[in-house]
Amino acid sequence: MVPGELWAKLRRTTPARIALGRVGHALPLGEVLDFQLAHARARDAVHAALDSAALAAELEPLPVLHVESDAPDRATYLRRPDLGRQLSVRSAAMLAEAGGRCDVVFVIGDGLSATGVQAGAARLVRACVEELGGLTIGPVVIARAARVALGDPVGEALGARVSVMIIGERPGLSVHDSLGIYMTYAPQTGRTDAARNCISNIHGAGGLSPQEAARTLGWLLREALRRALSGVSLKDDQTPTLPFEGQGPA
């Protein structure tokens, strides 16, 4: 195999920017423009505002609550991650009044890619709810200017045994609309990342599908309830299902 064919074969196996070629001492114009487009999409995803009303409409007929973190605007949110981990005074009071008990509460946070949340969060929540049949599901909470840990005070206030944060992941130059799921057993303010299980890279361009992510969450969540723990003490050791399991040779 000649080098050019080898690089072409490798490029088909990865979204990484390899073997881009050159024109003189520079990259080809098409590759430069492609990079600039990917960079612009990543920046837009970070700075975009989530349309909470449109997302709530997609989630109907599931009940929805709206909350916000202590970050007053997007610029502050990006500079002060700590403010994105705690509820605003108004939101904390509203959740305290709502109260209740449930097995699972879903929190949808804009995170660092409101673009990804807008595009895929509702579909992901529906897939997860379907996978968790038999468990009581609390209202879906849409959180503005949210970091992962905001799911802890939300779950605590709503009396959830498990909180599931669905959040926009930090965009890169190959994917700008990816979602992550962070599951925490016995959520309460002050829990660390060691208490969470993460399912990441959920998106339509070669990542996990909503159904695949929901199946993984379903297994982890039921195990969390059975063992009364989550995080580093809970490993995803479910047996993978092979595409042709139980079938004879084709």
# chains A, B, ... in the order shown; residues from 1 in each chain; ligands from 1

$ residues_around --residues "Arg222 in chain A" --least-positions-apart "4" --cutoff "10 Å" --atoms "only C-alpha atoms" --output "list in words"
Leu132, Leu135, Val162, Leu217, Gly218, Arg226, Arg227 and Ala228 of chain A

$ write_last_selection --atoms "C-alpha atoms" --output "CSV table (one decimal), in the first residue's frame"
chain,number,residue,atom,x,y,z
A,132,LEU,CA,-36.9,3.0,33.6
A,135,LEU,CA,-39.7,3.5,38.8
A,162,VAL,CA,-31.2,9.2,42.2
A,217,LEU,CA,-28.2,4.3,32.3
A,218,GLY,CA,-31.0,1.8,33.0
A,226,ARG,CA,-30.0,-2.2,44.5
A,227,ARG,CA,-26.5,-1.5,46.0
A,228,ALA,CA,-27.3,1.9,47.5

$ residues_around --residues "Asp152 in chain A" --least-positions-apart "3" --cutoff "10 Å" --atoms "only C-alpha atoms" --output "ChimeraX atom specification"
/A:85-87,107,148-149,155-157,160,162-165,183-192

$ residues_around --residues "Leu6 in chain A" --least-positions-apart "5" --cutoff "12 Å" --atoms "only C-alpha atoms" --output "list in words"
Met1, Arg11, Arg12, Thr13, Ile18 and Ala19 of chain A

$ write_last_selection --atoms "N, CA and C atoms" --output "mmCIF file, in the first residue's frame"
data_model
loop_
_atom_site.group_PDB
_atom_site.id
_atom_site.type_symbol
_atom_site.label_atom_id
_atom_site.label_comp_id
_atom_site.auth_asym_id
_atom_site.auth_seq_id
_atom_site.Cartn_x
_atom_site.Cartn_y
_atom_site.Cartn_z
ATOM 1 N N MET A 1 0.850 -1.201 0.000
ATOM 2 C CA MET A 1 0.000 0.000 0.000
ATOM 3 C C MET A 1 0.881 1.245 0.000
ATOM 4 N N ARG A 11 -7.776 8.006 7.595
ATOM 5 C CA ARG A 11 -8.692 9.141 7.754
ATOM 6 C C ARG A 11 -10.141 8.674 7.832
ATOM 7 N N ARG A 12 -10.445 7.561 7.174
ATOM 8 C CA ARG A 12 -11.824 7.062 7.200
ATOM 9 C C ARG A 12 -12.186 6.437 8.547
ATOM 10 N N THR A 13 -11.207 6.206 9.407
ATOM 11 C CA THR A 13 -11.457 5.547 10.695
ATOM 12 C C THR A 13 -11.546 6.514 11.870
ATOM 13 N N ILE A 18 -6.052 14.356 10.414
ATOM 14 C CA ILE A 18 -4.757 13.786 10.053
ATOM 15 C C ILE A 18 -4.617 13.769 8.534
ATOM 16 N N ALA A 19 -3.375 13.773 8.086
ATOM 17 C CA ALA A 19 -3.080 13.697 6.645
ATOM 18 C C ALA A 19 -3.896 14.712 5.852
#

$ select_by_dssp --residues "range 36-245 of chain A" --states "alpha helix (DSSP H)" --output "count of residues only"
79

$ select_by_dssp --residues "range 21-244 of chain A" --states "strand (DSSP E or B)" --output "MDAnalysis selection string"
chainID A and resid 23 26 64:69 87 102:109 137 140:144 160:168 179:185 196:202 208

$ atom_distance --atom1 "CA of Phe106 in chain A" --atom2 "CA of His66 in chain A"
12.0 Å

$ residues_around --residues "Cys128 in chain A" --least-positions-apart "2" --cutoff "9 Å" --atoms "only C-alpha atoms" --output "list of chain:residue names"
A:Arg123, A:Leu124, A:Val125, A:Arg126, A:Glu130, A:Glu131, A:Leu132, A:Pro210, A:Gln211, A:Ala213, A:Ala214, A:Arg215, A:Leu217, A:Gly218

$ atom_distance --atom1 "CA of Glu169 in chain A" --atom2 "CA of Ile202 in chain A"
9.2 Å

$ residues_around --residues "range 39-56 of chain A" --least-positions-apart "5" --cutoff "7 Å" --atoms "only C-alpha atoms" --output "NGL selection string"
:A and (64 or 110 or 112-115 or 118 or 122 or 142 or 171-173 or 176)

$ closest_residue --among "A:Gly151, A:Gly159, A:Gly84, A:Pro72" --to "Arg101 in chain A" --atoms "only C-alpha atoms"
A:Gly159

$ closest_residue --among "A:Pro15, A:Val117, A:Ala145, A:His25" --to "Asp82 in chain A" --atoms "only C-alpha atoms"
A:Ala145

$ atom_distance --atom1 "CA of Gly30 in chain A" --atom2 "CA of Trp7 in chain A"
17.6 Å

$ decode --residues "range 21-62 of chain A" --atoms "N, CA and C atoms" --output "short mmCIF file (atom, residue, chain, number, x, y, z; two decimals), in the first residue's frame"
data_model
loop_
_atom_site.label_atom_id
_atom_site.label_comp_id
_atom_site.auth_asym_id
_atom_site.auth_seq_id
_atom_site.Cartn_x
_atom_site.Cartn_y
_atom_site.Cartn_z
N GLY A 21 -2.79 17.12 4.03
CA GLY A 21 -2.16 17.57 2.80
C GLY A 21 -1.58 18.96 2.96
N ARG A 22 -1.02 19.48 1.88
CA ARG A 22 -0.46 20.84 1.93
C ARG A 22 -0.40 21.43 0.53
N VAL A 23 -0.40 22.72 0.52
CA VAL A 23 -0.20 23.49 -0.71
C VAL A 23 0.96 24.43 -0.42
N GLY A 24 2.12 24.10 -0.95
CA GLY A 24 3.32 24.85 -0.59
C GLY A 24 3.64 24.59 0.87
N HIS A 25 3.71 25.66 1.66
CA HIS A 25 3.98 25.52 3.09
C HIS A 25 2.71 25.63 3.93
N ALA A 26 1.56 25.63 3.31
CA ALA A 26 0.30 25.83 4.04
C ALA A 26 -0.65 24.65 3.81
N LEU A 27 -1.71 24.61 4.63
CA LEU A 27 -2.76 23.62 4.43
C LEU A 27 -3.60 23.99 3.22
N PRO A 28 -4.22 23.01 2.59
CA PRO A 28 -5.16 23.32 1.51
C PRO A 28 -6.28 24.23 2.00
N LEU A 29 -6.78 25.07 1.14
CA LEU A 29 -7.80 26.05 1.53
C LEU A 29 -9.03 25.36 2.11
N GLY A 30 -9.45 24.26 1.51
CA GLY A 30 -10.64 23.57 2.00
C GLY A 30 -10.48 23.12 3.44
N GLU A 31 -9.29 22.63 3.80
CA GLU A 31 -9.04 22.17 5.17
C GLU A 31 -9.02 23.35 6.14
N VAL A 32 -8.48 24.48 5.71
CA VAL A 32 -8.46 25.68 6.55
C VAL A 32 -9.88 26.15 6.83
N LEU A 33 -10.71 26.18 5.80
CA LEU A 33 -12.09 26.62 5.97
C LEU A 33 -12.88 25.64 6.84
N ASP A 34 -12.62 24.35 6.67
CA ASP A 34 -13.29 23.34 7.50
C ASP A 34 -12.94 23.52 8.98
N PHE A 35 -11.68 23.80 9.25
CA PHE A 35 -11.23 24.03 10.63
C PHE A 35 -11.90 25.28 11.21
N GLN A 36 -11.95 26.34 10.43
CA GLN A 36 -12.56 27.58 10.91
C GLN A 36 -14.05 27.39 11.18
N LEU A 37 -14.73 26.59 10.35
CA LEU A 37 -16.14 26.32 10.58
C LEU A 37 -16.35 25.53 11.87
N ALA A 38 -15.52 24.51 12.08
CA ALA A 38 -15.62 23.70 13.30
C ALA A 38 -15.36 24.56 14.54
N HIS A 39 -14.38 25.45 14.45
CA HIS A 39 -14.07 26.33 15.58
C HIS A 39 -15.23 27.28 15.86
N ALA A 40 -15.85 27.81 14.81
CA ALA A 40 -16.98 28.72 14.99
C ALA A 40 -18.17 28.01 15.61
N ARG A 41 -18.42 26.76 15.19
CA ARG A 41 -19.53 26.00 15.77
C ARG A 41 -19.29 25.72 17.25
N ALA A 42 -18.05 25.42 17.59
CA ALA A 42 -17.72 25.16 19.00
C ALA A 42 -17.93 26.41 19.84
N ARG A 43 -17.48 27.56 19.34
CA ARG A 43 -17.66 28.81 20.07
C ARG A 43 -19.15 29.15 20.22
N ASP A 44 -19.90 28.96 19.14
CA ASP A 44 -21.34 29.24 19.20
C ASP A 44 -22.04 28.35 20.22
N ALA A 45 -21.62 27.07 20.28
CA ALA A 45 -22.24 26.15 21.23
C ALA A 45 -22.01 26.59 22.67
N VAL A 46 -20.82 27.10 22.96
CA VAL A 46 -20.49 27.55 24.31
C VAL A 46 -21.30 28.78 24.70
N HIS A 47 -21.48 29.69 23.76
CA HIS A 47 -22.11 30.98 24.09
C HIS A 47 -23.61 31.01 23.83
N ALA A 48 -24.15 29.99 23.17
CA ALA A 48 -25.58 30.00 22.83
C ALA A 48 -26.46 29.95 24.08
N ALA A 49 -27.63 30.54 23.97
CA ALA A 49 -28.61 30.50 25.05
C ALA A 49 -29.62 29.39 24.78
N LEU A 50 -29.98 28.67 25.82
CA LEU A 50 -30.95 27.59 25.69
C LEU A 50 -32.36 28.16 25.62
N ASP A 51 -33.15 27.70 24.65
CA ASP A 51 -34.56 28.07 24.55
C ASP A 51 -35.34 27.10 25.44
N SER A 52 -35.49 27.45 26.70
CA SER A 52 -36.12 26.56 27.67
C SER A 52 -37.59 26.28 27.35
N ALA A 53 -38.27 27.29 26.83
CA ALA A 53 -39.69 27.12 26.51
C ALA A 53 -39.87 26.09 25.39
N ALA A 54 -39.03 26.18 24.37
CA ALA A 54 -39.12 25.23 23.26
C ALA A 54 -38.78 23.82 23.73
N LEU A 55 -37.80 23.71 24.61
CA LEU A 55 -37.42 22.40 25.14
C LEU A 55 -38.56 21.81 25.98
N ALA A 56 -39.19 22.64 26.80
CA ALA A 56 -40.31 22.18 27.61
C ALA A 56 -41.46 21.68 26.73
N ALA A 57 -41.69 22.37 25.62
CA ALA A 57 -42.75 21.95 24.70
C ALA A 57 -42.44 20.58 24.09
N GLU A 58 -41.16 20.33 23.81
CA GLU A 58 -40.77 19.02 23.27
C GLU A 58 -40.98 17.90 24.29
N LEU A 59 -40.90 18.24 25.56
CA LEU A 59 -41.00 17.24 26.61
C LEU A 59 -42.44 16.89 26.99
N GLU A 60 -43.41 17.65 26.52
CA GLU A 60 -44.81 17.37 26.86
C GLU A 60 -45.17 15.94 26.48
N PRO A 61 -45.97 15.26 27.32
CA PRO A 61 -46.72 15.75 28.49
C PRO A 61 -45.98 15.59 29.81
N LEU A 62 -44.66 15.36 29.78
CA LEU A 62 -43.93 15.24 31.04
C LEU A 62 -43.97 16.57 31.79
#
